[in-house]
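*Asks:* I have a structure here, written as structure tokens, and I will follow up with some questions on it.
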Amino acid sequence: MAAALRLCPTANAARLKEPVASPANNPIIEMRKVCKAFAKPSGELLPVLADISLSLGEGEILGLLGRSGSGKSTLLRIAGGLIKPTSGEVLYRGQPLSGPAEGIAVVFQSFALFPWLTVLENVEAGLDALGLAHDETRRRAMSAIDLIGLDGFQSAYPRELSGGMRQRVGFARAIVIEPVLLLMDEPFSALDVLTAEALRTDFLDLWIERQLSTKSVLLVTHNIEEAVMMCDRILVLSTNPGRIAAEIPVPLAHPRNRLDSEFHNIVDEFYSILTSRTTESIGAQRKIHGGLAQPLPPVPINLLAGFIEALASSPYDGRAELARIAGALALDIRDLFLIAEALHILEFAELQEGAIKLTAAGRVFAQSGIEERKRLFSEHLLQFVPLAAHIYHVLSEREGHLAPRVRFESELEDHLNPSDTEKTLRAVIGWGRYAELFAYDDDTRTFTARSLS
Amino acid sequence: MEQHAQVLIGGPWHQRIPTWRDVVATLLVVAIVILLGSGAHQMIAPLITTQQARISLSPAALPVYALRTTLRMLAALVASLIFTFIYATPAAKSRRAETVLIPLLDVLQSVPVLGYLSFTVVFFVSLFPGTSLGPELAAIFAIFTAQSWNMAFSFYQSLITVPTDLDEASRSFRFSGWQRFWRLEVPFAMPGLIWNMMMSMSGGWFFVVASEAISVGNIQVTLAGIGSYVALAIQQRDLAAVGWAIVAMTITILIYDQLLFRPLVAWADKFRFEQTAALVVPRSWVLDLFRGASLLRRLGEPIGGAVQVTLRARLALPGKPRWRPVFALPRRAADFAWFSFLLAGLAYVGWKLAQFAEPELSWGDVSIAAGNGVLTLLRVAILIALATVVWVPTGVIVGLRPRLAEKVQPLAQFLAAFPANLLFPLAVFLIVKFALDPKIWLSPLMILGTQWYILFNVIAGASAFPNDFREAAASFRVRGWRWWRQVILPGIFPYYVTGAITASGGAWNASIVSEAVNWGPTRLNGSGLGAYIAQMTEAGDYPRIALGVAVMSVFVITMNRLLWRPLYAFAQRRTRLD
């Protein structure tokens, strides 16, 4: 790893334009009843975040955990001043935040490196806005590169580097400006498991040894283990709209060990919270508009079938802790929850308290042949997915048994945003085709009824 | 001429659905063209004489002429670049500016350059009477218009497709507007910009040659350059001189290709956004030379350093650059005000148009022009069809063999760049000698220079055809016509359409100088819209020149909107793999 170069704290104070007079109990960033809504095509507002209040103090890493679509990236960007909230206040070091502020740095999931600049130039780019002298810029960039372990790669272009190295450049670029608040948007999720682990531990080492001038970190992630590994406090966000569902402190001492029983307990607690949130939200969606506008996870049928088969076989025999089966099947937490949600909606499995259990129908599905599976799936689809039943009935009633996609799209868009609408339609088309309930022509974008036999 | 070379570098081309805005923009441009024409008529009275360069027909004079021609090209290139930055940036940043600027640009791409050359000559000559600066500027302006619309469009496309994460990173670093422009937006747009620049320059030789010797009514303009050399050679029926000019042009194009085109494309490789190293990295010996020559680099360092400092300087406006209007109009009201202002402007232009056109033009004139237009349209359609039948199979066969493609592709690009109007005198000479019917035999001249676009686009498409598909087709023993129809033709279809759009646009332009040609005192008239415009230009009949140009613009725009763009969108939709 890099040589332990300390970034000089006294020199910092001399360079800052305003004195940092924040006593220990003044939060670095504070949000009060922040809401964010985006305008739908019809002009109505679609709430993404509702009533978020949080505060982040010095010396802590705060984690934001949630499913995709829970608005956690939006929340991070609001904290960074990149997006303005629709209502509510954001205070950064006691002052209202009105745009990207000095002392805040962001690390992106997709690295966001300029492809036409070398590593050194990319890192120096972060300092451009400060208008420093060339020598000073060069010196700080070199020391940041050294700290993060990129020494020797200064003249390489991003396309020559692997994903892990690129994210190190992203980190170097963020820490070179000596930020007070570091915002990280799923920084390790685009990396493979080993590289992510290496980078995580490197970052934690720098943090623990106080080699960074950063005072607090806001980390957005969908990976429960990662959150428990790194954060001092974790906020769980619900979906549609995003609200803070739970706040769990992680009082474990660094360095943390994944194999610790304490660690396991905390992880399991999160799985429980997330599964109960999922089942609650599915239940709530069922009540709106007859469940027609329930957002469906676009999971292909082969994943569903494969998962059911895996769950039915030993050692699970129809019931598994989500944490265990995720590891065993090498499933991303996102994919796992999507599959689990789909199976819960179709009632082939049931989510309860951090575990997933096959229903009787699910067991039958696991053991049947293709024809039988299709028949069973078709029954469940008609019974438990109101949108599929709706499409089926519309097709059978209409003359010519044709219906354009836009008709269902506009029905869904009254309740869902365009991205959720697209995913829901994709899911129902895939499932409907498998169940042989209806056919869909992508060229003409119409649903057609299959011949009733 | 429209260039959609984005497809060649793998970038997206966003199909704009034709809306009422396009119709409005078309009308606006047509109206302005006709107005300019009528206005120019009134401008010519006081100025008759301009400095005439003495052209010598000796081959020894050619290098100097070639140099002057090239200098005009480069001047136009610099002007285009500046125009691109100034025009495309507000179009990308302001929603309201976009509603006007982009349809306008779209339409301007289709107006034939050689048509309004006559007006611009008059305009510039009237600005600088008595000197040769006027005609020079007119020639440079002609080349400028051939290049800048494409470049502005490409830059605009790049600006609106800046990746979100880079955009957010730049904003979180609090770059000033100036820094953001040079740090993020220009580098991101660079590959498309350079490619379009080079393609436009290739097409520009044609216009340079055509604009160096102009005669509009009783204005005679000759600028020292290869174009006027050839014009004089035609007048004096000197075939050998034409031959020398062709040789000189060939050498010039080769030199500029090696010294400018290839180094720039190789340098632009570092701006490519795809994050993987390319399989084929463009190389240029000139660039390698510059990179290797340490003495040159040390000489260049102070300049390079100064440029870097300027581009990285903050240059932020003092205080908050956000201005708060005294009274903030709600968005709807502001939109309404903007549109009514546009509508009022359009109505005014339309009224002025009616005022001017009334005494000069009649519906009879319009019907003559339209009739000629149909004839030219027929020719363009038949020629494009013929070129397709010949060059698509050739392109496919060449493109599927990489080593052959390597040799043929530069040749095809060279042929596309070579100004075909230098070859016209040869063809005309032959037609006169064998007393052939000009109506039929002048037609191929239109496609002579532009058919190569179809060839090298198809070669590019065939080279990029995924190997997996070829192997799958071979393993299933798909052969003969089935192979053509189901395997290769759909694969190269978007590339073909790109080439065909460029070829047909170029053919329309070429018609102005190829449907009515001279050889010494002999005049050959092939009739058609190009001949109509050429005849009116010679006669100095400005309103009818304007009418001809307007009619041609309408034909080109209609063909683009109704045929080529839907075809391209269809090709994209059908052949998408993701």
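Residues in the structure tokens are numbered from 1 in each chain, the chains being A, B, ... in the order shown, and ligands are numbered from 1 in the order shown.
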Could the residues of chain A within 6 Å of chain B, counting only C-alpha atoms, be given as a ChimeraX atom specification, please?
*Replies:* /A:100,112,116,126,129,159
*Asks:* Could you pull the residues within 9 Å of Val517 of chain B, counting only C-alpha atoms, minus those fewer than 5 positions along the same chain, as a list in words?
*Replies:*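 In the requested form, the answer reads Phe424, Pro425, Val428, Leu442, Thr522, Arg523, Leu524, Asn525, Gly526, Ala531 and Ala534 of chain B.
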*Asks:* Restricted to all heavy atoms, what would the selected residues look like written as a short mmCIF file (atom, residue, chain, number, x, y, z; two decimals), in the first residue's frame?
*Replies:*
data_model
loop_
_atom_site.label_atom_id
_atom_site.label_comp_id
_atom_site.auth_asym_id
_atom_site.auth_seq_id
_atom_site.Cartn_x
_atom_site.Cartn_y
_atom_site.Cartn_z
N PHE B 424 -15.11 17.11 -65.34
CA PHE B 424 -16.19 17.42 -66.28
C PHE B 424 -15.70 17.82 -67.67
O PHE B 424 -16.26 17.36 -68.67
CB PHE B 424 -17.10 18.52 -65.72
CG PHE B 424 -17.93 18.08 -64.54
CD1 PHE B 424 -18.70 19.00 -63.86
CD2 PHE B 424 -17.96 16.78 -64.13
CE1 PHE B 424 -19.48 18.62 -62.78
CE2 PHE B 424 -18.73 16.38 -63.05
CZ PHE B 424 -19.49 17.31 -62.37
N PRO B 425 -14.66 18.68 -67.74
CA PRO B 425 -14.23 19.09 -69.10
C PRO B 425 -13.90 17.91 -69.99
O PRO B 425 -14.20 17.93 -71.18
CB PRO B 425 -12.99 19.94 -68.83
CG PRO B 425 -13.16 20.45 -67.46
CD PRO B 425 -13.89 19.39 -66.71
N VAL B 428 -17.14 16.49 -71.16
CA VAL B 428 -17.78 17.39 -72.11
C VAL B 428 -17.10 17.32 -73.47
O VAL B 428 -17.74 17.29 -74.52
CB VAL B 428 -17.75 18.84 -71.57
CG1 VAL B 428 -18.27 19.80 -72.61
CG2 VAL B 428 -18.55 18.92 -70.30
N LEU B 442 -24.98 13.93 -70.02
CA LEU B 442 -24.49 14.81 -68.97
C LEU B 442 -24.92 14.31 -67.59
O LEU B 442 -24.34 14.68 -66.58
CB LEU B 442 -25.01 16.24 -69.16
CG LEU B 442 -24.26 17.10 -70.15
CD1 LEU B 442 -24.90 18.47 -70.24
CD2 LEU B 442 -22.80 17.23 -69.75
N THR B 522 -18.79 26.34 -77.14
CA THR B 522 -19.93 25.43 -77.25
C THR B 522 -20.66 25.34 -75.93
O THR B 522 -20.04 25.16 -74.88
CB THR B 522 -19.46 24.01 -77.62
OG1 THR B 522 -18.37 24.12 -78.53
CG2 THR B 522 -20.58 23.20 -78.24
N ARG B 523 -21.98 25.43 -75.97
CA ARG B 523 -22.77 25.27 -74.75
C ARG B 523 -23.59 23.99 -74.84
O ARG B 523 -24.26 23.76 -75.82
CB ARG B 523 -23.75 26.43 -74.60
CG ARG B 523 -23.13 27.65 -74.08
CD ARG B 523 -24.13 28.79 -74.15
NE ARG B 523 -23.41 30.03 -74.00
CZ ARG B 523 -22.81 30.43 -72.89
NH1 ARG B 523 -22.91 29.73 -71.85
NH2 ARG B 523 -22.13 31.55 -72.82
N LEU B 524 -23.54 23.20 -73.81
CA LEU B 524 -24.36 22.00 -73.74
C LEU B 524 -25.40 22.18 -72.65
O LEU B 524 -25.07 22.52 -71.52
CB LEU B 524 -23.49 20.78 -73.39
CG LEU B 524 -22.51 20.33 -74.47
CD1 LEU B 524 -21.67 19.20 -73.93
CD2 LEU B 524 -23.27 19.89 -75.71
N ASN B 525 -26.64 21.95 -73.02
CA ASN B 525 -27.69 22.12 -72.02
C ASN B 525 -28.44 20.81 -71.83
O ASN B 525 -29.06 20.31 -72.76
CB ASN B 525 -28.67 23.21 -72.49
CG ASN B 525 -29.68 23.53 -71.41
OD1 ASN B 525 -29.85 22.78 -70.46
ND2 ASN B 525 -30.36 24.66 -71.57
N GLY B 526 -28.36 20.26 -70.62
CA GLY B 526 -29.04 19.00 -70.37
C GLY B 526 -30.43 19.17 -69.80
O GLY B 526 -31.09 18.19 -69.50
N ALA B 531 -29.55 23.06 -64.58
CA ALA B 531 -29.34 23.86 -65.77
C ALA B 531 -30.10 25.18 -65.65
O ALA B 531 -29.59 26.24 -66.04
CB ALA B 531 -29.82 23.09 -67.00
N ALA B 534 -28.18 27.44 -63.41
CA ALA B 534 -26.94 27.89 -64.06
C ALA B 534 -27.25 28.94 -65.12
O ALA B 534 -26.54 29.95 -65.23
CB ALA B 534 -26.23 26.69 -64.67
#
*Asks:* Calculated over only C-alpha atoms, which of the candidates B:Gly480, B:Gly449, B:Pro566, B:Pro302 has the smallest distance to Gly203 of chain B?
*Replies:*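 Smallest separation from Gly203 of chain B among the options: B:Gly449.
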*Asks:* Would you pick out the contacts of Ser553 of chain B at 7 Å or less, using only C-alpha atoms, so that residues sharing its chain but fewer than 5 positions from it are not included, and give the list as a list in words?
*Replies:*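 Near Ser553 of chain B, the qualifying residues are Ser110, Val111 and Pro112 of chain B.
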*Asks:* DSSP on the backbone: what in segment 77-303 of chain A comes out strand (DSSP E), as a PyMOL selection string?
*Replies:* chain A and resi 87-92+95-96+104-107+181-185+216-221+233-237+244-249
*Asks:* Please return, as number ranges by chain, all residues of segment 111-231 of chain A that DSSP assigns to alpha helix (DSSP H) on the basis of the backbone.
*Replies:* A: 119-128, 134-148, 163-175, 193-208, 224-230
*Asks:* Would you pick out the contacts of segment 276-285 of chain A at 7 Å or less, using only C-alpha atoms, so that residues sharing its chain but fewer than 4 positions from it are not included, and give the list as a list of chain:residue names?
*Replies:*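 The contact residues come out as A:Ser238, A:Ser272, A:Gly291, A:Gln294, A:Leu351, A:Gln352, A:Glu353.
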*Asks:* Print the selection's residues with all heavy atoms to a file, as a CSV table (one decimal), in the first residue's frame.
*Replies:*
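File written: again36.csv
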chain,number,residue,atom,x,y,z
A,238,SER,N,-37.2,3.2,2.4
A,238,SER,CA,-38.2,2.5,1.7
A,238,SER,C,-38.4,3.0,0.3
A,238,SER,O,-37.7,3.9,-0.1
A,238,SER,CB,-39.6,2.7,2.5
A,238,SER,OG,-39.9,4.0,2.4
A,272,SER,N,-34.2,-8.9,7.6
A,272,SER,CA,-35.6,-8.9,8.2
A,272,SER,C,-36.3,-7.6,7.8
A,272,SER,O,-37.4,-7.6,7.4
A,272,SER,CB,-35.6,-9.1,9.7
A,272,SER,OG,-35.0,-10.3,10.0
A,291,GLY,N,-54.8,-3.2,-7.5
A,291,GLY,CA,-53.5,-3.8,-7.7
A,291,GLY,C,-53.1,-3.8,-9.2
A,291,GLY,O,-52.1,-4.4,-9.5
A,294,GLN,N,-49.5,-2.3,-9.8
A,294,GLN,CA,-48.5,-2.8,-9.0
A,294,GLN,C,-47.2,-2.9,-9.8
A,294,GLN,O,-47.2,-3.6,-10.8
A,294,GLN,CB,-48.9,-4.1,-8.4
A,294,GLN,CG,-47.8,-4.8,-7.7
A,294,GLN,CD,-48.3,-6.0,-6.9
A,294,GLN,OE1,-49.1,-6.7,-7.4
A,294,GLN,NE2,-47.9,-6.1,-5.7
A,351,LEU,N,-42.1,-14.4,1.6
A,351,LEU,CA,-41.0,-13.8,2.3
A,351,LEU,C,-41.5,-13.6,3.8
A,351,LEU,O,-42.5,-13.0,4.0
A,351,LEU,CB,-40.8,-12.4,1.7
A,351,LEU,CG,-39.9,-12.3,0.5
A,351,LEU,CD1,-39.9,-10.9,-0.1
A,351,LEU,CD2,-38.5,-12.7,0.8
A,352,GLN,N,-40.7,-14.0,4.7
A,352,GLN,CA,-41.0,-13.7,6.1
A,352,GLN,C,-39.7,-13.7,6.9
A,352,GLN,O,-39.0,-14.6,6.9
A,352,GLN,CB,-41.9,-14.8,6.7
A,352,GLN,CG,-42.0,-16.1,6.0
A,352,GLN,CD,-42.6,-17.2,6.7
A,352,GLN,OE1,-41.8,-18.1,7.1
A,352,GLN,NE2,-43.9,-17.2,7.0
A,353,GLU,N,-39.5,-12.5,7.6
A,353,GLU,CA,-38.4,-12.3,8.5
A,353,GLU,C,-37.1,-12.8,8.1
A,353,GLU,O,-36.4,-13.6,8.7
A,353,GLU,CB,-38.7,-13.1,9.8
A,353,GLU,CG,-39.9,-12.5,10.6
A,353,GLU,CD,-40.5,-13.6,11.5
A,353,GLU,OE1,-39.7,-14.6,11.8
A,353,GLU,OE2,-41.6,-13.4,12.0
*Asks:* Within 12 Å of Met31 of chain A, counting only C-alpha atoms, which residues show up once you throw out same-chain ones fewer than 5 positions away? Write them as a list in words, please.
*Replies:*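 Here the qualifying residues turn out to be Ala50, Asp51, Ile52, Ser53, Leu54, Ser55, Leu56, Gly57, Leu75, Leu76, Ile78, Ala79, Gly80, Gly81, Pro85, Ser87, Gly88, Glu89, Val90, Leu91, Tyr92, Arg93, Gly94, Gln95, Pro96 and Leu97 of chain A.
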*Asks:* Compile the contact shell of Ala330 of chain A as a list of chain:residue names: residues with an atom at most 12 Å away, counting only C-alpha atoms, same-chain residues fewer than 6 positions apart removed.
*Replies:*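 Residues meeting the cut-off are A:Val193, A:Phe307, A:Leu322, A:Ala323, A:Arg324, A:Leu336.
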*Asks:* Skipping near chain neighbours, those fewer than 5 positions away, what residues fall within 9 Å of Thr120 of chain B using only C-alpha atoms, listed as a count of residues only?
*Replies:* 8
*Asks:* Could you please determine the separation between atom CA of Leu274 of chain A and atom CA of Glu197 of chain A in Å, to one decimal place?
*Replies:*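 Straight-line distance from atom CA of Leu274 of chain A to atom CA of Glu197 of chain A works out to 23.5 Å.
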